[in-house]
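> If it helps, the file is called upload09.cif and holds mmCIF, C-alpha atoms:
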data_input
#
loop_
_atom_site.label_atom_id
_atom_site.label_comp_id
_atom_site.auth_asym_id
_atom_site.auth_seq_id
_atom_site.Cartn_x
_atom_site.Cartn_y
_atom_site.Cartn_z
CA MET K 509 -50.42 5.80 101.27
CA ALA K 510 -51.24 6.87 97.73
CA ARG K 511 -53.03 10.10 97.01
CA LYS K 512 -56.40 9.92 95.33
CA PRO K 513 -56.75 11.52 91.89
CA ALA K 514 -57.68 15.19 91.75
CA ASN K 515 -61.35 16.12 91.33
CA PHE K 516 -60.38 18.95 88.99
CA THR K 517 -57.26 20.03 87.17
CA GLN K 518 -55.81 23.35 86.15
CA THR K 519 -56.79 22.45 82.61
CA ASP K 520 -60.45 22.18 83.66
CA VAL K 521 -60.40 25.66 85.19
CA THR K 522 -58.56 27.10 82.19
CA ARG K 523 -61.13 25.67 79.78
CA VAL K 524 -64.02 27.13 81.75
CA LEU K 525 -62.50 30.60 81.97
CA LYS K 526 -61.44 30.62 78.31
CA ALA K 527 -65.00 29.69 77.32
CA TYR K 528 -66.35 32.70 79.21
CA ARG K 529 -63.66 34.95 77.71
CA ASN K 530 -64.40 33.72 74.17
CA ALA K 531 -68.12 34.37 74.75
CA GLU K 532 -67.16 37.88 75.95
CA ILE K 533 -68.85 37.35 79.31
CA PRO K 534 -66.95 39.22 82.04
CA VAL K 535 -66.05 37.04 85.01
CA ASP K 536 -65.93 38.49 88.51
CA ARG K 537 -64.49 35.44 90.23
CA CYS K 538 -64.26 31.68 90.07
CA GLU K 539 -64.67 29.36 93.06
CA ILE K 540 -63.76 25.68 93.19
CA ASP K 541 -64.90 23.13 95.75
CA PRO K 542 -61.83 20.91 96.19
CA ARG K 543 -63.83 18.02 97.63
CA THR K 544 -66.30 17.72 94.76
CA GLY K 545 -64.43 19.50 91.95
CA LYS K 546 -67.42 21.78 91.36
CA ILE K 547 -66.39 24.94 89.49
CA VAL K 548 -68.62 27.98 90.03
CA VAL K 549 -68.13 31.11 87.93
CA PHE K 550 -69.58 34.44 89.05
CA VAL K 551 -70.22 36.95 86.28
CA ASN K 552 -70.92 40.67 86.23
CA THR K 553 -74.49 41.88 86.31
CA ALA K 554 -76.46 42.04 83.08
CA GLU K 555 -76.18 45.82 83.08
CA ASP K 556 -72.40 45.59 82.64
CA ILE K 557 -72.62 43.33 79.59
CA VAL K 558 -72.78 45.19 76.32
CA SER K 559 -75.79 43.97 74.39
CA SER K 560 -75.53 43.27 70.71
CA PRO K 561 -78.09 44.40 68.12
CA TRP K 562 -79.15 40.75 67.77
CA ASP K 563 -80.40 40.69 71.38
CA THR K 564 -83.49 42.74 70.50
CA ALA K 565 -85.16 41.29 67.44
CA THR K 566 -88.16 43.06 66.00
CA ALA K 567 -90.95 41.06 64.46
#
Spit out the file's structure as structure tokens when you get a sec.

Amino acid sequence: MARKPANFTQTDVTRVLKAYRNAEIPVDRCEIDPRTGKIVVFVNTAEDIVSSPWDTATA
């Protein structure tokens, strides 16, 4: 009996986590549903993220 193809690969998870790292968004944990391949990333609260001066624009 042949195995069915994977719903996600290690490459998929790596791409997701690298995207968060490159955006400088701290990741608490990452969960993957093996049946559906759904990747869920949990990030730190907004208070932990350092805001940039561009976040508060004055008109």
> Atom CA of Thr519 of chain K and atom CA of Val551 of chain K are how many Å apart?
20.1 Å
> Running the PyMOL selection byres ((chain K and resi 539) around 10) on this model by hand, what would come out? Give it as JSON, numbers by chain.
{"K": [521, 537, 538, 540, 541, 542, 545, 546, 547, 548, 549, 550]}
> Using the chain letters and residue numbers of this document, give as a list of chain:residue names the residues selected by the PyMOL selection byres ((chain K and resi 513) around 12).
K:Ala510, K:Arg511, K:Lys512, K:Ala514, K:Asn515, K:Phe516, K:Thr517, K:Pro542, K:Arg543, K:Thr544, K:Gly545
> Translate the PyMOL selection byres ((chain K and resi 535) around 12) into a concrete residue list for this structure, as a PyMOL selection string.
chain K and resi 524-534+536-539+548-554+556-557
> Any chance you could export the current selection's C-alpha atoms as a PDB file, in the frame of the given file?

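Just written: again.pdb:
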ATOM      1  CA  VAL K 524     -64.020  27.130  81.750  1.00  0.00           C
ATOM      2  CA  LEU K 525     -62.500  30.600  81.970  1.00  0.00           C
ATOM      3  CA  LYS K 526     -61.440  30.620  78.310  1.00  0.00           C
ATOM      4  CA  ALA K 527     -65.000  29.690  77.320  1.00  0.00           C
ATOM      5  CA  TYR K 528     -66.350  32.700  79.210  1.00  0.00           C
ATOM      6  CA  ARG K 529     -63.660  34.950  77.710  1.00  0.00           C
ATOM      7  CA  ASN K 530     -64.400  33.720  74.170  1.00  0.00           C
ATOM      8  CA  ALA K 531     -68.120  34.370  74.750  1.00  0.00           C
ATOM      9  CA  GLU K 532     -67.160  37.880  75.950  1.00  0.00           C
ATOM     10  CA  ILE K 533     -68.850  37.350  79.310  1.00  0.00           C
ATOM     11  CA  PRO K 534     -66.950  39.220  82.040  1.00  0.00           C
ATOM     12  CA  ASP K 536     -65.930  38.490  88.510  1.00  0.00           C
ATOM     13  CA  ARG K 537     -64.490  35.440  90.230  1.00  0.00           C
ATOM     14  CA  CYS K 538     -64.260  31.680  90.070  1.00  0.00           C
ATOM     15  CA  GLU K 539     -64.670  29.360  93.060  1.00  0.00           C
ATOM     16  CA  VAL K 548     -68.620  27.980  90.030  1.00  0.00           C
ATOM     17  CA  VAL K 549     -68.130  31.110  87.930  1.00  0.00           C
ATOM     18  CA  PHE K 550     -69.580  34.440  89.050  1.00  0.00           C
ATOM     19  CA  VAL K 551     -70.220  36.950  86.280  1.00  0.00           C
ATOM     20  CA  ASN K 552     -70.920  40.670  86.230  1.00  0.00           C
ATOM     21  CA  THR K 553     -74.490  41.880  86.310  1.00  0.00           C
ATOM     22  CA  ALA K 554     -76.460  42.040  83.080  1.00  0.00           C
ATOM     23  CA  ASP K 556     -72.400  45.590  82.640  1.00  0.00           C
ATOM     24  CA  ILE K 557     -72.620  43.330  79.590  1.00  0.00           C
TER      25      ILE K 557
END
